[in-house]
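Visitor: Let me begin by handing over the structure; questions about it come next.
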Amino acid sequence: MTETLGGFSWLLHLLDIMLVSVLIYHFLLLLRGGGMALRLLLWLAVAFLVYLGASFIGLESLGWLLDNFFSVSLLIVAIIFQHDIRRALVSLSRDRDRQLSREDDTSELIDELVTAVDSLSARQIGALIVLERGMSLDNFLAVGTDIDAKVTSELITSIFLPYSPIHDGAVIIQGGKLTKAGCFLPLSQNHELGKSLGTRHRAAIGLTEIVDAVVIIVSEETGRIAIAGNGKIHEDIPLATIRKELKRHLTSRRAL
Ligand SMILES: Nc1ncnc2c1ncn2[C@@H]1O[C@H](COP(=O)(O)OP(=O)(O)OP(=O)(O)O)[C@@H](O)[C@H]1O
């Protein structure tokens with residue numbers, strides 16, 4: 001094919017360089033933009049078609065670039081989708097036995113949580129309360145103190161009192177029991193989060209980017225209550241809404 005187009009070799013080189021530039025430009029735009037998953041897949045498909053065309057008409061630079069690009073594309077995909085891959089791997093360790101079995105247990109748990117959060121908020125005591133749903137939280141319990149007790153508002157409040165030795169970090173609630181306190185959660189790396197969000201709030205968001213847990217946050221600075229799920233946070237929520245949201249989250253098996 002290159003021989004057939006021999007007379008136009010300078011044109012081919014020009015076309016080759018232009019296509020490489022366009023590809024690099026759009027790839028950089030892609031890395032900056034949102035809606036990553038679909039756009040990346042689309043671009044991989046387009047790049048593959050361009051690669052076939054480039055090989056056919058003998059565009060050497062473009063062919064070389066795409067050849068190398070495909071070799072590292074698996075790595076690129078793994079890096080870009082690291083959160084989704086991690087979430088998928090964690091979901092393999094679903095532990096349905098720990099789900100709350102009876103509706104009464106769920107409403108009793110919600111009552112205790114709402115009372116605790118109300119009291120903490122009124123006194124501006126910071127708190128981070130994680131509720132396990134379908135996906136196991138066992139991978140996040142390495143650091144922390146074993147508690148394994150029935151959830152009561154008094155227990156939660158006393159853990160977060162400033163002079164309590166385990167007030168730092170998060171408490172974990174699994175299947176209606178408060179299993180751990182002082183747990184360290186992964187911080188969110190989401191650059192789009194507001195700069196005003198500190199590490200307590202970022203830790204809540206970070207965990208829910210990976211698992212389907214729901215996290216209640218009480219701000220020490222403002223006393224405001226927030227709730228995080230599915231990598232998103234809703235701040236300054238009234239108690240009635242917290243109750244409604246908890247009920248929705250704890251009775252549904254789907255991610256939020
Ligand atoms: N990765 C983490 N995992 C669990 N708890 C954390 C983590 N990072 C911070 N915390 C908790 O948050 C506290 C610090 O909160 P910080 O003031 O930085 O955050 P914030 O989001 O501004 O919260 P606040 O509104 O309560 O001040 C720590 O003392 C600790 O208890």
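By order in the structure tokens, chains are A, B, ...; within a chain, residues start at 1; ligands start at 1, following the order shown.
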Taking the chain letters and numbering used in this document, name the residues of stretch 30-221 of chain A that DSSP puts in strand (DSSP E), as a list in words.
Guide: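 Selection result, strand (DSSP E) within stretch 30-221 of chain A: Ala127, Leu128, Ile129, Val130, Leu131, Thr145, Asp146, Ile147, Asp148, Ala149, Lys150, Ala170, Val171, Ile172, Ile173, Gln174, Lys177, Leu178, Thr179, Lys180, Ala181, Gly182, Cys183, Val214, Val215, Ile216, Ile217 and Val218 of chain A.
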Visitor: Which residues, written as a PyMOL selection string, have at least one atom at most 8 Å from A:Gln124, with only C-alpha atoms counted and residues fewer than 2 positions away on the same chain left out?
Guide: chain A and resi 120-122+126+218-224
Visitor: All residues within 7 Å of ligand 1 are required, counting only C-alpha atoms and all ligand atoms; please report them as a list in words.
Guide: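 Here is the list of contacting residues: Gly126, Leu128, His167, Asp168, Gly169, Ala170, Cys183, Phe184, Leu185, Pro186, Leu187, Leu197, Gly198, Thr199, Arg200, His201, Arg202, Ala203, Val218, Ser219, Glu220, Glu221 and Thr222 of chain A.
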Visitor: Report the distance between atom CA of A:Gly194 and atom CA of A:Val214 in Å, rounded to one decimal place.
Guide: 20.0 Å
Visitor: Could you state the separation of atom CA of A:Pro238 and atom CA of A:Glu112 in Å, given to one decimal place?
Guide: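 That distance, rounded to one decimal, is 16.0 Å.
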Visitor: List the spatial neighbours of stretch 20-23 of chain A as a list of chain:residue names - criterion: any atom at most 8 Å away, only C-alpha atoms, same-chain residues fewer than 6 positions off excluded.
Guide: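 Skipping anything fewer than 6 positions along the chain leaves A:Ser61, A:Leu62, A:Leu65.
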Visitor: Run DSSP on the backbone and give me the residues of stretch 41-136 of chain A it puts in helix (DSSP H, G or I), as an MDAnalysis selection string.
Guide: chainID A and resid 41:57 60:80 82:91 96:98 103:122
Visitor: When you draw a straight line from atom CA of A:Glu245 to atom CA of A:Gly144, how long is it in Å?
Guide: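 For atom CA of A:Glu245 relative to atom CA of A:Gly144, the distance reads 26.9 Å.
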Visitor: Nearest residue to A:Thr115 out of A:Glu192, A:Asp84, A:Glu154, A:Asp146, using only C-alpha atoms?
Guide: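 Going through A:Glu192, A:Asp84, A:Glu154, A:Asp146 one by one, the smallest distance to A:Thr115 is for A:Glu154.
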Visitor: Report as a list in words all protein, DNA and RNA residues lying within 9 Å of stretch 231-233 of chain A, evaluated on only C-alpha atoms, omitting residues in the same chain fewer than 5 positions from it.
Guide: Ser188, His201, Ala204, Ile205, Gly206, Leu207, Thr208, Glu209, Ile210, Val211, Asp212 and Ala226 of chain A
Visitor: Filtering to N, CA and C atoms, could you give me those residues as a PDB file, in the first residue's frame?
Guide:
```
ATOM      1  N   SER A 188     -10.806  10.056  50.766  1.00  0.00           N
ATOM      2  CA  SER A 188     -11.174  10.217  49.361  1.00  0.00           C
ATOM      3  C   SER A 188     -10.091  11.002  48.620  1.00  0.00           C
ATOM      4  N   HIS A 201     -14.638  14.196  57.152  1.00  0.00           N
ATOM      5  CA  HIS A 201     -15.619  14.078  56.070  1.00  0.00           C
ATOM      6  C   HIS A 201     -15.029  13.335  54.863  1.00  0.00           C
ATOM      7  N   ALA A 204     -15.079   9.634  55.415  1.00  0.00           N
ATOM      8  CA  ALA A 204     -16.419   9.054  55.219  1.00  0.00           C
ATOM      9  C   ALA A 204     -16.684   8.845  53.727  1.00  0.00           C
ATOM     10  N   ILE A 205     -16.343   9.863  52.932  1.00  0.00           N
ATOM     11  CA  ILE A 205     -16.580   9.763  51.486  1.00  0.00           C
ATOM     12  C   ILE A 205     -15.676   8.669  50.892  1.00  0.00           C
ATOM     13  N   GLY A 206     -14.411   8.671  51.336  1.00  0.00           N
ATOM     14  CA  GLY A 206     -13.434   7.699  50.811  1.00  0.00           C
ATOM     15  C   GLY A 206     -13.902   6.269  50.989  1.00  0.00           C
ATOM     16  N   LEU A 207     -14.422   5.954  52.173  1.00  0.00           N
ATOM     17  CA  LEU A 207     -14.874   4.573  52.413  1.00  0.00           C
ATOM     18  C   LEU A 207     -16.042   4.220  51.493  1.00  0.00           C
ATOM     19  N   THR A 208     -16.986   5.183  51.357  1.00  0.00           N
ATOM     20  CA  THR A 208     -18.179   4.851  50.561  1.00  0.00           C
ATOM     21  C   THR A 208     -17.916   4.862  49.050  1.00  0.00           C
ATOM     22  N   GLU A 209     -16.700   5.281  48.660  1.00  0.00           N
ATOM     23  CA  GLU A 209     -16.323   5.133  47.248  1.00  0.00           C
ATOM     24  C   GLU A 209     -15.981   3.671  46.965  1.00  0.00           C
ATOM     25  N   ILE A 210     -15.620   2.937  48.030  1.00  0.00           N
ATOM     26  CA  ILE A 210     -15.146   1.563  47.851  1.00  0.00           C
ATOM     27  C   ILE A 210     -16.212   0.527  48.211  1.00  0.00           C
ATOM     28  N   VAL A 211     -16.949   0.798  49.282  1.00  0.00           N
ATOM     29  CA  VAL A 211     -17.967  -0.172  49.711  1.00  0.00           C
ATOM     30  C   VAL A 211     -19.337   0.505  49.785  1.00  0.00           C
ATOM     31  N   ASP A 212     -20.383  -0.295  49.982  1.00  0.00           N
ATOM     32  CA  ASP A 212     -21.732   0.274  49.983  1.00  0.00           C
ATOM     33  C   ASP A 212     -22.190   0.704  51.384  1.00  0.00           C
ATOM     34  N   ALA A 226     -23.926  15.074  58.819  1.00  0.00           N
ATOM     35  CA  ALA A 226     -23.870  14.771  57.388  1.00  0.00           C
ATOM     36  C   ALA A 226     -23.998  13.258  57.225  1.00  0.00           C
TER      37      ALA A 226
END
```
Visitor: Which neighbours of A:Ser158 fall inside 12 Å, counting only C-alpha atoms, when residues of the same chain fewer than 2 positions from it are skipped, and could you give them as a list in words?
Guide: Ala116, Val117, Ser119, Leu120, Ile125, Gly126, Ala127, Val151, Thr152, Ser153, Glu154, Leu155, Ile156, Phe160, Leu161, Pro162, Tyr163, Ser164, Pro165, Ile166, His167, Val171 and Ala181 of chain A
Visitor: Please produce an output containing N, CA and C atoms for each residue in the selection, written as a PDB file, in the first residue's frame.
Guide:
```pdb
ATOM      1  N   ALA A 116     -28.127   9.304  69.580  1.00  0.00           N
ATOM      2  CA  ALA A 116     -26.699   9.569  69.801  1.00  0.00           C
ATOM      3  C   ALA A 116     -26.232  10.766  68.984  1.00  0.00           C
ATOM      4  N   VAL A 117     -26.615  10.771  67.711  1.00  0.00           N
ATOM      5  CA  VAL A 117     -26.178  11.835  66.803  1.00  0.00           C
ATOM      6  C   VAL A 117     -26.745  13.185  67.251  1.00  0.00           C
ATOM      7  N   SER A 119     -27.476  14.074  70.310  1.00  0.00           N
ATOM      8  CA  SER A 119     -26.749  14.509  71.506  1.00  0.00           C
ATOM      9  C   SER A 119     -25.334  14.995  71.152  1.00  0.00           C
ATOM     10  N   LEU A 120     -24.666  14.272  70.267  1.00  0.00           N
ATOM     11  CA  LEU A 120     -23.303  14.667  69.865  1.00  0.00           C
ATOM     12  C   LEU A 120     -23.325  16.012  69.142  1.00  0.00           C
ATOM     13  N   ILE A 125     -19.650  17.545  69.429  1.00  0.00           N
ATOM     14  CA  ILE A 125     -18.631  16.497  69.592  1.00  0.00           C
ATOM     15  C   ILE A 125     -18.532  15.775  68.246  1.00  0.00           C
ATOM     16  N   GLY A 126     -17.322  15.754  67.688  1.00  0.00           N
ATOM     17  CA  GLY A 126     -17.121  15.137  66.375  1.00  0.00           C
ATOM     18  C   GLY A 126     -17.309  13.627  66.446  1.00  0.00           C
ATOM     19  N   ALA A 127     -17.927  13.069  65.378  1.00  0.00           N
ATOM     20  CA  ALA A 127     -18.146  11.616  65.362  1.00  0.00           C
ATOM     21  C   ALA A 127     -18.164  11.093  63.927  1.00  0.00           C
ATOM     22  N   VAL A 151     -25.654  -1.853  70.040  1.00  0.00           N
ATOM     23  CA  VAL A 151     -25.594  -0.402  69.796  1.00  0.00           C
ATOM     24  C   VAL A 151     -26.579   0.320  70.704  1.00  0.00           C
ATOM     25  N   THR A 152     -26.040   1.218  71.512  1.00  0.00           N
ATOM     26  CA  THR A 152     -26.931   2.091  72.297  1.00  0.00           C
ATOM     27  C   THR A 152     -26.422   3.520  72.138  1.00  0.00           C
ATOM     28  N   SER A 153     -27.319   4.473  72.327  1.00  0.00           N
ATOM     29  CA  SER A 153     -26.906   5.867  72.164  1.00  0.00           C
ATOM     30  C   SER A 153     -25.836   6.225  73.204  1.00  0.00           C
ATOM     31  N   GLU A 154     -25.968   5.658  74.410  1.00  0.00           N
ATOM     32  CA  GLU A 154     -24.990   5.955  75.477  1.00  0.00           C
ATOM     33  C   GLU A 154     -23.595   5.463  75.086  1.00  0.00           C
ATOM     34  N   LEU A 155     -23.547   4.257  74.506  1.00  0.00           N
ATOM     35  CA  LEU A 155     -22.247   3.688  74.113  1.00  0.00           C
ATOM     36  C   LEU A 155     -21.588   4.584  73.051  1.00  0.00           C
ATOM     37  N   ILE A 156     -22.349   4.938  72.018  1.00  0.00           N
ATOM     38  CA  ILE A 156     -21.785   5.759  70.935  1.00  0.00           C
ATOM     39  C   ILE A 156     -21.314   7.106  71.482  1.00  0.00           C
ATOM     40  N   PHE A 160     -17.234   8.832  71.717  1.00  0.00           N
ATOM     41  CA  PHE A 160     -16.743  10.045  71.053  1.00  0.00           C
ATOM     42  C   PHE A 160     -16.472  11.220  72.002  1.00  0.00           C
ATOM     43  N   LEU A 161     -16.740  11.047  73.286  1.00  0.00           N
ATOM     44  CA  LEU A 161     -16.413  12.139  74.213  1.00  0.00           C
ATOM     45  C   LEU A 161     -14.921  12.450  74.100  1.00  0.00           C
ATOM     46  N   PRO A 162     -14.554  13.721  74.105  1.00  0.00           N
ATOM     47  CA  PRO A 162     -13.153  14.097  73.822  1.00  0.00           C
ATOM     48  C   PRO A 162     -12.122  13.413  74.722  1.00  0.00           C
ATOM     49  N   TYR A 163     -12.493  13.094  75.951  1.00  0.00           N
ATOM     50  CA  TYR A 163     -11.492  12.468  76.825  1.00  0.00           C
ATOM     51  C   TYR A 163     -11.498  10.936  76.720  1.00  0.00           C
ATOM     52  N   SER A 164     -12.353  10.396  75.879  1.00  0.00           N
ATOM     53  CA  SER A 164     -12.340   8.936  75.698  1.00  0.00           C
ATOM     54  C   SER A 164     -11.067   8.543  74.935  1.00  0.00           C
ATOM     55  N   PRO A 165     -10.390   7.474  75.340  1.00  0.00           N
ATOM     56  CA  PRO A 165      -9.152   7.091  74.645  1.00  0.00           C
ATOM     57  C   PRO A 165      -9.397   6.572  73.225  1.00  0.00           C
ATOM     58  N   ILE A 166     -10.676   6.289  72.883  1.00  0.00           N
ATOM     59  CA  ILE A 166     -10.945   5.775  71.528  1.00  0.00           C
ATOM     60  C   ILE A 166     -11.858   6.719  70.736  1.00  0.00           C
ATOM     61  N   HIS A 167     -11.792   8.019  71.063  1.00  0.00           N
ATOM     62  CA  HIS A 167     -12.700   8.951  70.364  1.00  0.00           C
ATOM     63  C   HIS A 167     -12.228   9.272  68.943  1.00  0.00           C
ATOM     64  N   VAL A 171     -16.348   4.537  64.410  1.00  0.00           N
ATOM     65  CA  VAL A 171     -16.904   3.298  64.966  1.00  0.00           C
ATOM     66  C   VAL A 171     -17.574   2.529  63.830  1.00  0.00           C
ATOM     67  N   ALA A 181     -14.087   0.385  67.421  1.00  0.00           N
ATOM     68  CA  ALA A 181     -13.985   1.848  67.538  1.00  0.00           C
ATOM     69  C   ALA A 181     -12.549   2.232  67.183  1.00  0.00           C
TER      70      ALA A 181
END
```
